[in-house]
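Have a look at run_25.json; it's JSON, C-alpha atoms and all ligand atoms:
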[["chain", "number", "residue", "atom", "x", "y", "z"],
["E", 1, "GLN", "CA", -9.18, 9.03, 20.94],
["E", 2, "GLY", "CA", -9.84, 6.87, 17.92],
["E", 3, "LEU", "CA", -9.02, 3.29, 16.96],
["E", 4, "LEU", "CA", -5.36, 4.17, 16.35],
["E", 5, "ALA", "CA", -4.76, 6.72, 19.10],
["E", 6, "GLY", "CA", -1.11, 6.90, 20.09],
["E", 7, "LYS", "CA", 0.04, 4.77, 17.15],
["E", 8, "VAL", "CA", 2.72, 5.73, 14.65],
["E", 9, "ALA", "CA", 2.00, 4.65, 11.09],
["E", 10, "VAL", "CA", 4.15, 4.71, 7.98],
["E", 11, "VAL", "CA", 2.30, 4.79, 4.66],
["E", 12, "THR", "CA", 4.34, 4.55, 1.46],
["E", 13, "GLY", "CA", 3.04, 6.11, -1.74],
["E", 14, "ALA", "CA", 0.90, 8.30, 0.50],
["E", 15, "ALA", "CA", 0.88, 11.43, -1.68],
["E", 16, "SER", "CA", -1.85, 10.08, -3.93],
["E", 17, "GLY", "CA", -4.80, 7.72, -4.29],
["E", 18, "ILE", "CA", -5.23, 4.82, -1.90],
["E", 19, "GLY", "CA", -2.13, 5.70, 0.14],
["E", 20, "ALA", "CA", -3.33, 9.25, 0.74],
["E", 21, "GLY", "CA", -6.74, 7.89, 1.72],
["E", 22, "ILE", "CA", -5.20, 5.45, 4.19],
["E", 23, "ALA", "CA", -2.99, 8.16, 5.72],
["E", 24, "LEU", "CA", -6.03, 10.40, 6.23],
["E", 25, "ALA", "CA", -8.17, 7.56, 7.58],
["E", 26, "PHE", "CA", -5.43, 6.58, 10.05],
["E", 27, "ALA", "CA", -5.01, 10.20, 11.16],
["E", 28, "ARG", "CA", -8.76, 10.45, 11.67],
["E", 29, "GLU", "CA", -8.39, 7.48, 14.07],
["E", 30, "GLY", "CA", -5.68, 9.29, 16.01],
["E", 31, "ALA", "CA", -2.45, 7.96, 14.48],
["E", 32, "ASP", "CA", 0.70, 10.00, 13.84],
["E", 33, "LEU", "CA", 1.73, 9.68, 10.21],
["E", 34, "ALA", "CA", 4.90, 9.26, 8.20],
["E", 35, "VAL", "CA", 3.87, 10.17, 4.67],
["E", 36, "VAL", "CA", 6.42, 8.52, 2.39],
["E", 37, "ASP", "CA", 6.54, 9.11, -1.34],
["E", 38, "LEU", "CA", 8.95, 9.37, -4.24],
["E", 39, "CYS", "CA", 7.40, 12.64, -5.30],
["E", 40, "GLY", "CA", 8.55, 16.01, -4.00],
["E", 41, "GLU", "CA", 6.96, 17.66, -0.99],
["E", 42, "ALA", "CA", 5.07, 20.02, -3.31],
["E", 43, "ASP", "CA", 3.17, 17.08, -4.85],
["E", 44, "ALA", "CA", 2.41, 15.74, -1.39],
["E", 45, "LYS", "CA", 1.13, 19.14, -0.27],
["E", 46, "PRO", "CA", -2.60, 18.42, -0.71],
["E", 47, "VAL", "CA", -2.51, 15.42, 1.63],
["E", 48, "LEU", "CA", -0.11, 17.14, 4.05],
["E", 49, "ASP", "CA", -2.40, 20.18, 4.16],
["E", 50, "GLU", "CA", -5.40, 17.97, 4.81],
["E", 51, "LEU", "CA", -3.56, 16.18, 7.61],
["E", 52, "ALA", "CA", -2.52, 19.53, 9.12],
["E", 53, "ALA", "CA", -6.11, 20.79, 8.90],
["E", 54, "MET", "CA", -7.20, 17.76, 10.91],
["E", 55, "GLY", "CA", -4.64, 18.64, 13.56],
["E", 56, "ALA", "CA", -2.74, 15.42, 12.88],
["E", 57, "THR", "CA", 0.95, 14.94, 13.55],
["E", 58, "ALA", "CA", 2.42, 14.13, 10.15],
["E", 59, "ARG", "CA", 5.87, 14.28, 8.54],
["E", 60, "PHE", "CA", 6.80, 13.91, 4.90],
["E", 61, "PHE", "CA", 9.71, 11.69, 3.85],
["E", 62, "ARG", "CA", 10.80, 11.72, 0.24],
["E", 63, "THR", "CA", 12.01, 8.18, -0.44],
["E", 64, "ASP", "CA", 12.17, 5.71, -3.31],
["E", 65, "VAL", "CA", 10.95, 2.47, -1.72],
["E", 66, "GLY", "CA", 13.04, 0.46, -4.18],
["E", 67, "ASP", "CA", 16.31, 2.05, -3.04],
["E", 68, "ALA", "CA", 17.79, -0.11, -0.27],
["E", 69, "GLU", "CA", 20.06, 2.55, 1.17],
["E", 70, "ALA", "CA", 17.36, 5.24, 1.14],
["E", 71, "VAL", "CA", 14.91, 2.90, 2.87],
["E", 72, "SER", "CA", 17.39, 2.09, 5.66],
["E", 73, "GLU", "CA", 17.85, 5.82, 6.20],
["E", 74, "LEU", "CA", 14.08, 6.27, 6.15],
["E", 75, "ALA", "CA", 13.59, 3.89, 9.07],
["E", 76, "GLY", "CA", 16.03, 5.88, 11.22],
["E", 77, "ALA", "CA", 14.57, 9.22, 10.20],
["E", 78, "VAL", "CA", 10.97, 8.18, 10.89],
["E", 79, "THR", "CA", 11.80, 6.67, 14.26],
["E", 80, "SER", "CA", 13.77, 9.69, 15.45],
["E", 81, "SER", "CA", 11.05, 12.04, 14.28],
["E", 82, "LEU", "CA", 7.89, 10.21, 15.33],
["E", 83, "GLY", "CA", 9.03, 7.38, 17.62],
["E", 84, "PRO", "CA", 8.75, 3.60, 17.20],
["E", 85, "VAL", "CA", 6.57, 2.51, 14.29],
["E", 86, "ASP", "CA", 3.44, 0.50, 15.07],
["E", 87, "VAL", "CA", 1.95, 0.15, 11.58],
["E", 88, "LEU", "CA", 3.57, -0.07, 8.16],
["E", 89, "VAL", "CA", 1.47, 0.13, 5.01],
["E", 90, "ASN", "CA", 3.38, -0.92, 1.92],
["E", 91, "ASN", "CA", 1.22, 0.89, -0.60],
["E", 92, "ALA", "CA", 3.64, 2.50, -3.09],
["E", 93, "GLY", "CA", 3.08, 0.91, -6.47],
["E", 94, "VAL", "CA", 3.44, 1.48, -10.18],
["E", 95, "PHE", "CA", 1.47, 0.15, -13.12],
["E", 96, "THR", "CA", 2.39, -0.02, -16.80],
["E", 97, "GLN", "CA", 0.98, -2.08, -19.64],
["E", 98, "ALA", "CA", 2.70, -4.25, -22.23],
["E", 99, "LEU", "CA", 2.27, -7.68, -23.74],
["E", 100, "VAL", "CA", 4.94, -10.06, -22.48],
["E", 101, "GLU", "CA", 6.18, -10.52, -26.06],
["E", 102, "ASN", "CA", 6.98, -6.78, -26.18],
["E", 103, "MET", "CA", 7.97, -6.21, -22.57],
["E", 104, "THR", "CA", 11.45, -4.85, -21.95],
["E", 105, "VAL", "CA", 13.61, -6.00, -19.08],
["E", 106, "ASP", "CA", 13.64, -2.41, -17.83],
["E", 107, "GLU", "CA", 9.84, -2.33, -17.69],
["E", 108, "TRP", "CA", 9.75, -5.64, -15.82],
["E", 109, "ASP", "CA", 12.43, -4.49, -13.37],
["E", 110, "PHE", "CA", 10.74, -1.12, -12.82],
["E", 111, "VAL", "CA", 7.42, -2.62, -11.78],
["E", 112, "MET", "CA", 8.93, -5.45, -9.73],
["E", 113, "GLY", "CA", 11.42, -3.01, -8.18],
["E", 114, "VAL", "CA", 8.76, -0.76, -6.70],
["E", 115, "ASN", "CA", 5.91, -3.19, -6.03],
["E", 116, "LEU", "CA", 7.76, -6.25, -4.74],
["E", 117, "ARG", "CA", 11.33, -5.21, -3.88],
["E", 118, "GLY", "CA", 9.97, -2.00, -2.30],
["E", 119, "THR", "CA", 7.61, -4.03, -0.11],
["E", 120, "PHE", "CA", 10.48, -6.26, 1.01],
["E", 121, "LEU", "CA", 12.84, -3.35, 1.69],
["E", 122, "CYS", "CA", 10.38, -1.28, 3.71],
["E", 123, "THR", "CA", 9.22, -4.33, 5.64],
["E", 124, "ARG", "CA", 12.78, -5.30, 6.51],
["E", 125, "ALA", "CA", 13.57, -1.76, 7.58],
["E", 126, "PHE", "CA", 10.71, -1.49, 10.08],
["E", 127, "LEU", "CA", 10.28, -5.13, 11.12],
["E", 128, "GLY", "CA", 13.23, -5.20, 13.53],
["E", 129, "GLY", "CA", 11.75, -2.47, 15.71],
["E", 130, "MET", "CA", 8.35, -4.16, 15.74],
["E", 131, "LEU", "CA", 9.86, -7.51, 16.73],
["E", 132, "GLU", "CA", 11.91, -5.89, 19.48],
["E", 133, "ARG", "CA", 8.73, -4.49, 20.97],
["E", 134, "GLY", "CA", 6.72, -7.62, 20.19],
["E", 135, "ASP", "CA", 4.04, -5.56, 18.53],
["E", 136, "GLY", "CA", 3.28, -4.33, 15.04],
["E", 137, "ARG", "CA", 1.06, -4.49, 12.00],
["E", 138, "ILE", "CA", 2.18, -4.70, 8.38],
["E", 139, "ILE", "CA", -0.38, -4.16, 5.64],
["E", 140, "ASN", "CA", 0.68, -4.84, 2.06],
["E", 141, "ILE", "CA", -1.37, -3.39, -0.76],
["E", 142, "ALA", "CA", -1.52, -6.11, -3.39],
["E", 143, "SER", "CA", -4.13, -6.22, -6.17],
["E", 144, "GLN", "CA", -6.74, -8.63, -7.41],
["E", 145, "LEU", "CA", -4.52, -8.93, -10.48],
["E", 146, "GLY", "CA", -2.09, -10.79, -8.23],
["E", 147, "GLN", "CA", -4.88, -13.32, -7.67],
["E", 148, "ILE", "CA", -6.29, -13.72, -11.17],
["E", 149, "GLY", "CA", -3.67, -12.17, -13.49],
["E", 150, "GLY", "CA", -4.35, -9.54, -16.11],
["E", 151, "ALA", "CA", -3.50, -9.50, -19.80],
["E", 152, "GLU", "CA", -0.85, -6.89, -20.64],
["E", 153, "VAL", "CA", 0.13, -6.59, -16.98],
["E", 154, "ALA", "CA", 2.13, -9.78, -16.39],
["E", 155, "HIS", "CA", 4.86, -7.87, -14.54],
["E", 156, "TYR", "CA", 2.30, -6.10, -12.34],
["E", 157, "SER", "CA", 0.35, -9.34, -11.74],
["E", 158, "ALA", "CA", 3.55, -11.20, -10.86],
["E", 159, "SER", "CA", 4.65, -8.41, -8.50],
["E", 160, "LYS", "CA", 1.31, -8.44, -6.70],
["E", 161, "ALA", "CA", 1.16, -12.26, -6.53],
["E", 162, "GLY", "CA", 4.64, -11.92, -5.05],
["E", 163, "VAL", "CA", 3.34, -9.46, -2.48],
["E", 164, "ILE", "CA", 0.63, -11.96, -1.47],
["E", 165, "GLY", "CA", 3.17, -14.80, -1.18],
["E", 166, "PHE", "CA", 5.52, -12.54, 0.79],
["E", 167, "THR", "CA", 2.65, -11.60, 3.12],
["E", 168, "LYS", "CA", 1.83, -15.25, 3.86],
["E", 169, "ALA", "CA", 5.47, -16.26, 4.36],
["E", 170, "LEU", "CA", 6.24, -13.34, 6.65],
["E", 171, "ALA", "CA", 3.02, -13.92, 8.60],
["E", 172, "ARG", "CA", 4.25, -17.44, 9.35],
["E", 173, "GLU", "CA", 7.60, -16.07, 10.54],
["E", 174, "VAL", "CA", 6.46, -13.31, 12.85],
["E", 175, "SER", "CA", 2.84, -13.68, 14.02],
["E", 176, "SER", "CA", 3.72, -15.55, 17.22],
["E", 177, "ARG", "CA", 6.14, -12.69, 18.00],
["E", 178, "GLY", "CA", 3.41, -10.07, 17.93],
["E", 179, "VAL", "CA", 3.68, -8.74, 14.37],
["E", 180, "LEU", "CA", 0.60, -9.33, 12.24],
["E", 181, "VAL", "CA", 1.00, -9.23, 8.47],
["E", 182, "ASN", "CA", -1.87, -9.07, 5.99],
["E", 183, "ALA", "CA", -2.60, -7.89, 2.47],
["E", 184, "ILE", "CA", -5.37, -5.98, 0.77],
["E", 185, "ALA", "CA", -6.13, -6.84, -2.84],
["E", 186, "PRO", "CA", -8.37, -4.08, -4.22],
["E", 187, "GLY", "CA", -10.32, -4.31, -7.44],
["E", 188, "PRO", "CA", -10.43, -1.32, -9.82],
["E", 189, "ILE", "CA", -10.43, 1.82, -7.68],
["E", 190, "ASN", "CA", -10.76, 5.37, -9.03],
["E", 191, "THR", "CA", -7.27, 6.83, -8.55],
["E", 192, "PRO", "CA", -4.69, 8.40, -10.89],
["E", 193, "LEU", "CA", -3.28, 4.88, -11.39],
["E", 194, "LEU", "CA", -6.26, 3.99, -13.56],
["E", 195, "ASP", "CA", -5.78, 7.05, -15.79],
["E", 196, "SER", "CA", -3.72, 5.01, -18.25],
["E", 197, "GLU", "CA", -6.62, 2.61, -18.89],
["E", 198, "THR", "CA", -8.48, 2.91, -22.19],
["E", 199, "GLU", "CA", -12.21, 3.56, -22.50],
["E", 200, "GLU", "CA", -12.46, 0.11, -24.10],
["E", 201, "TRP", "CA", -10.95, -1.52, -21.03],
["E", 202, "ARG", "CA", -13.21, 0.53, -18.75],
["E", 203, "SER", "CA", -16.44, -0.49, -20.42],
["E", 204, "ALA", "CA", -15.40, -4.16, -20.64],
["E", 205, "LYS", "CA", -14.44, -4.15, -16.96],
["E", 206, "LEU", "CA", -17.65, -2.40, -15.92],
["E", 207, "ALA", "CA", -19.72, -4.96, -17.82],
["E", 208, "GLU", "CA", -18.21, -7.87, -15.89],
["E", 209, "LEU", "CA", -18.00, -6.24, -12.45],
["E", 210, "PRO", "CA", -20.81, -7.67, -10.29],
["E", 211, "ILE", "CA", -21.30, -4.35, -8.49],
["E", 212, "GLY", "CA", -21.41, -2.47, -11.80],
["E", 213, "ARG", "CA", -19.06, 0.39, -10.89],
["E", 214, "PHE", "CA", -15.46, 1.11, -9.98],
["E", 215, "GLY", "CA", -14.60, 1.53, -6.33],
["E", 216, "GLU", "CA", -13.62, 4.63, -4.41],
["E", 217, "VAL", "CA", -10.60, 5.05, -2.17],
["E", 218, "SER", "CA", -12.98, 5.42, 0.78],
["E", 219, "GLU", "CA", -14.14, 1.85, 0.10],
["E", 220, "VAL", "CA", -10.61, 0.50, 0.62],
["E", 221, "THR", "CA", -9.48, 2.53, 3.62],
["E", 222, "PRO", "CA", -11.80, 0.89, 6.21],
["E", 223, "THR", "CA", -10.10, -2.45, 5.52],
["E", 224, "ALA", "CA", -6.73, -0.87, 6.29],
["E", 225, "VAL", "CA", -8.09, 0.65, 9.50],
["E", 226, "LEU", "CA", -9.45, -2.76, 10.52],
["E", 227, "LEU", "CA", -6.13, -4.51, 9.90],
["E", 228, "ALA", "CA", -4.20, -1.79, 11.76],
["E", 229, "SER", "CA", -6.46, -1.63, 14.80],
["E", 230, "ALA", "CA", -7.43, -3.83, 17.77],
["E", 231, "GLY", "CA", -10.28, -5.35, 15.76],
["E", 232, "GLY", "CA", -7.77, -6.88, 13.36],
["E", 233, "SER", "CA", -6.01, -8.94, 16.05],
["E", 234, "TYR", "CA", -6.91, -12.37, 14.61],
["E", 235, "TYR", "CA", -6.14, -11.69, 10.94],
["E", 236, "VAL", "CA", -2.91, -13.40, 9.95],
["E", 237, "GLY", "CA", -1.57, -13.75, 6.40],
["E", 238, "GLN", "CA", -4.94, -12.90, 4.89],
["E", 239, "THR", "CA", -5.67, -11.15, 1.64],
["E", 240, "LEU", "CA", -8.81, -9.05, 2.01],
["E", 241, "GLY", "CA", -10.54, -8.00, -1.16],
["E", 242, "PRO", "CA", -12.50, -4.76, -1.52],
["E", 243, "ASN", "CA", -13.17, -5.51, -5.18],
["E", 244, "GLY", "CA", -16.87, -5.12, -5.98],
["E", 245, "GLY", "CA", -17.15, -8.88, -6.49],
["E", 246, "ASP", "CA", -14.68, -8.98, -9.38],
["E", 247, "VAL", "CA", -12.90, -11.81, -7.58],
["E", 248, "MET", "CA", -14.69, -14.13, -5.18],
["E", 249, "LEU", "CA", -12.52, -16.60, -3.28],
["B", 301, "LIG", "P1", -1.45, 6.27, -7.37],
["B", 301, "LIG", "O1", -0.64, 6.32, -8.62],
["B", 301, "LIG", "O2", -2.55, 7.24, -7.17],
["B", 301, "LIG", "O3", -0.48, 6.38, -6.10],
["B", 301, "LIG", "C1", 0.74, 5.69, -6.02],
["B", 301, "LIG", "C2", 1.72, 6.52, -5.21],
["B", 301, "LIG", "O4", 2.94, 5.77, -5.08],
["B", 301, "LIG", "C3", 2.09, 7.86, -5.89],
["B", 301, "LIG", "O5", 1.99, 8.93, -4.99],
["B", 301, "LIG", "C4", 3.53, 7.64, -6.34],
["B", 301, "LIG", "O6", 4.31, 8.82, -6.36],
["B", 301, "LIG", "C5", 4.02, 6.65, -5.28],
["B", 301, "LIG", "N1", 5.21, 5.93, -5.72],
["B", 301, "LIG", "C6", 5.44, 5.37, -6.95],
["B", 301, "LIG", "N2", 6.66, 4.83, -6.99],
["B", 301, "LIG", "C7", 7.22, 5.03, -5.76],
["B", 301, "LIG", "C8", 8.48, 4.69, -5.21],
["B", 301, "LIG", "N3", 9.42, 4.05, -5.92],
["B", 301, "LIG", "N4", 8.72, 5.06, -3.92],
["B", 301, "LIG", "C9", 7.79, 5.73, -3.20],
["B", 301, "LIG", "N5", 6.58, 6.08, -3.69],
["B", 301, "LIG", "C10", 6.30, 5.73, -4.95],
["B", 301, "LIG", "O7", -1.98, 4.77, -7.29],
["B", 301, "LIG", "P2", -3.07, 4.07, -6.35],
["B", 301, "LIG", "O8", -4.13, 3.57, -7.23],
["B", 301, "LIG", "O9", -3.39, 4.86, -5.17],
["B", 301, "LIG", "O10", -2.20, 2.79, -5.93],
["B", 301, "LIG", "C11", -1.80, 2.53, -4.61],
["B", 301, "LIG", "C12", -1.54, 1.03, -4.48],
["B", 301, "LIG", "O11", -2.76, 0.34, -4.71],
["B", 301, "LIG", "C13", -0.53, 0.50, -5.50],
["B", 301, "LIG", "O12", 0.29, -0.48, -4.87],
["B", 301, "LIG", "C14", -1.41, -0.14, -6.53],
["B", 301, "LIG", "O13", -0.75, -1.15, -7.24],
["B", 301, "LIG", "C15", -2.52, -0.67, -5.67],
["B", 301, "LIG", "N6", -3.78, -0.94, -6.37],
["B", 301, "LIG", "C16", -4.46, 0.03, -7.01],
["B", 301, "LIG", "C17", -5.65, -0.29, -7.67],
["B", 301, "LIG", "C18", -6.46, 0.73, -8.42],
["B", 301, "LIG", "O14", -7.37, 0.33, -9.15],
["B", 301, "LIG", "N7", -6.22, 2.01, -8.28],
["B", 301, "LIG", "C19", -6.12, -1.60, -7.65],
["B", 301, "LIG", "C20", -5.41, -2.56, -6.97],
["B", 301, "LIG", "C21", -4.23, -2.23, -6.32]]
Is it possible to give me this structure as structure tokens?
Ligand code: NAD
Amino acid sequence: QGLLAGKVAVVTGAASGIGAGIALAFAREGADLAVVDLCGEADAKPVLDELAAMGATARFFRTDVGDAEAVSELAGAVTSSLGPVDVLVNNAGVFTQALVENMTVDEWDFVMGVNLRGTFLCTRAFLGGMLERGDGRIINIASQLGQIGGAEVAHYSASKAGVIGFTKALAREVSSRGVLVNAIAPGPINTPLLDSETEEWRSAKLAELPIGRFGEVSEVTPTAVLLASAGGSYYVGQTLGPNGGDVML
């Protein structure tokens, strides 16, 4: 029962925020879940407990999405534990702030390494199985900052613009072989990721947001369910934007 009954979904960065919300929303629609995160199982416990309480089949995999070897191992471990993967959500992401003139190479590499390299590595790891079966969905969590850029987040903006470009390119490679690839570019959503933002930034952002408030995780997850389910069968290489009107394309 549910829009994703019988499906196996991998969600990276699923211990917190948007990833946790997507994992729970997918489970509610009947999917079995691979909850992937860099954090320890103890930090993932709240979402794992919630999944267990729903009666969902869910396994936790501690993996750094930027680590090529670990990600290859992840693909084998998920498949032997849950079966072939139908849906991959590349959600794991990090956010730091610095002006380009002060940005260190390490800071640049850190953000690109998780957000962009991690998306490539996880995609590559699960794509082969999807292509073999001629069926699969890949959903990349970008950001509206990848569309419009943000001051003090050039590395983050570049990584997310990269995710959007990667989404379009991959969609052209694999759609006719049954694998549909799309991105979601949320606006400001209330999650721990926004904790680092200053009050000054918050009030300036609120003043320019057409909807006049930040979004909730539950306002992003329905887009992921759509893209993962039968109703998403004609979306190819798109970037959908639950963003409160901050960006209108
Ligand atoms: P969050 O910080 O609540 O969650 C991110 C999760 O990713 C954490 O559980 C963290 O442990 C995990 N993670 C970090 N590095 C990892 C790695 N190397 N390997 C595996 N897991 C790793 O943040 P969130 O707001 O839920 O963000 C989720 C995604 O949504 C990110 O890609 C983020 O860039 C994107 N996003 C968020 C917003 C927002 O306003 N919150 C807006 C646009 C896009």
Counting all atoms listed in the file, give me one row per residue of chain E with an atom at most 8 Å from an atom of ligand LIG 301 (chain B), showing the shortest contact pair and its distance in Å to one decimal, sorted by chain then residue number, as a Markdown table.
| residue | atom | partner | partner_atom | distance |
| --- | --- | --- | --- | --- |
| E:Thr12 | CA | B:LIG301 | N5 | 5.8 |
| E:Gly13 | CA | B:LIG301 | O4 | 3.4 |
| E:Ala14 | CA | B:LIG301 | O5 | 5.6 |
| E:Ala15 | CA | B:LIG301 | O5 | 4.3 |
| E:Ser16 | CA | B:LIG301 | O5 | 4.1 |
| E:Gly17 | CA | B:LIG301 | O9 | 3.3 |
| E:Ile18 | CA | B:LIG301 | O9 | 3.8 |
| E:Gly19 | CA | B:LIG301 | O9 | 5.5 |
| E:Ala20 | CA | B:LIG301 | O9 | 7.4 |
| E:Val36 | CA | B:LIG301 | C9 | 6.4 |
| E:Asp37 | CA | B:LIG301 | N5 | 3.8 |
| E:Leu38 | CA | B:LIG301 | C9 | 4.0 |
| E:Cys39 | CA | B:LIG301 | O6 | 5.0 |
| E:Ala44 | CA | B:LIG301 | O5 | 7.7 |
| E:Arg62 | CA | B:LIG301 | C9 | 7.5 |
| E:Thr63 | CA | B:LIG301 | C9 | 5.6 |
| E:Asp64 | CA | B:LIG301 | N4 | 3.6 |
| E:Val65 | CA | B:LIG301 | N4 | 4.1 |
| E:Gly66 | CA | B:LIG301 | N3 | 5.4 |
| E:Asp67 | CA | B:LIG301 | N3 | 7.7 |
| E:Asn90 | CA | B:LIG301 | O12 | 7.5 |
| E:Asn91 | CA | B:LIG301 | O12 | 4.6 |
| E:Ala92 | CA | B:LIG301 | O4 | 3.9 |
| E:Gly93 | CA | B:LIG301 | O12 | 3.5 |
| E:Val94 | CA | B:LIG301 | C6 | 5.4 |
| E:Phe95 | CA | B:LIG301 | O13 | 6.4 |
| E:Gly113 | CA | B:LIG301 | N3 | 7.7 |
| E:Val114 | CA | B:LIG301 | N3 | 4.9 |
| E:Asn115 | CA | B:LIG301 | O12 | 6.3 |
| E:Gly118 | CA | B:LIG301 | N3 | 7.1 |
| E:Ile141 | CA | B:LIG301 | O12 | 5.3 |
| E:Ala142 | CA | B:LIG301 | C21 | 5.6 |
| E:Ser143 | CA | B:LIG301 | C20 | 4.0 |
| E:Gln144 | CA | B:LIG301 | C20 | 6.2 |
| E:Leu145 | CA | B:LIG301 | C20 | 7.3 |
| E:Tyr156 | CA | B:LIG301 | O13 | 7.7 |
| E:Lys160 | CA | B:LIG301 | O13 | 7.6 |
| E:Ala185 | CA | B:LIG301 | C20 | 6.0 |
| E:Pro186 | CA | B:LIG301 | C20 | 4.3 |
| E:Gly187 | CA | B:LIG301 | C19 | 5.0 |
| E:Pro188 | CA | B:LIG301 | O14 | 3.5 |
| E:Ile189 | CA | B:LIG301 | O14 | 3.7 |
| E:Asn190 | CA | B:LIG301 | N7 | 5.7 |
| E:Thr191 | CA | B:LIG301 | O8 | 4.7 |
| E:Pro192 | CA | B:LIG301 | O2 | 4.4 |
| E:Leu193 | CA | B:LIG301 | O1 | 4.1 |
| E:Leu194 | CA | B:LIG301 | N7 | 5.6 |
| E:Gly215 | CA | B:LIG301 | O14 | 7.9 |
| E:Val217 | CA | B:LIG301 | O9 | 7.8 |
Nearest to Ser176 of chain E: which of E:Leu131, E:Ile139, E:Ala158, E:Ala204 is it, counting all atoms listed in the file?
->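 Closest candidate: E:Leu131.
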List every protein, DNA or RNA residue that has at least one atom no more than 7 Å from (5.7, -10.6, 3.9) in the file's coordinates, counting only C-alpha atoms, and write the result as an MDAnalysis selection string.
-> chainID E and resid 163 166:171 181
Using only C-alpha atoms, find the one residue out of E:Ile211, E:Leu33, E:Ala230, E:Val87 that sits nearest to Asp246 of chain E.
->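 Smallest distance to Asp246 of chain E is found for E:Ile211.
Among the candidate residues E:Pro46, E:Arg59, E:Gly129, E:Gly162, the one lying nearest to Val11 of chain E is E:Arg59, with distances computed using all atoms listed in the file.
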Could you check how far atom CA of Gly136 of chain E sits from atom CA of Gly178 of chain E, in Å to one decimal?
->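 Atom-to-atom, atom CA of Gly136 of chain E to atom CA of Gly178 of chain E, that is 6.4 Å.
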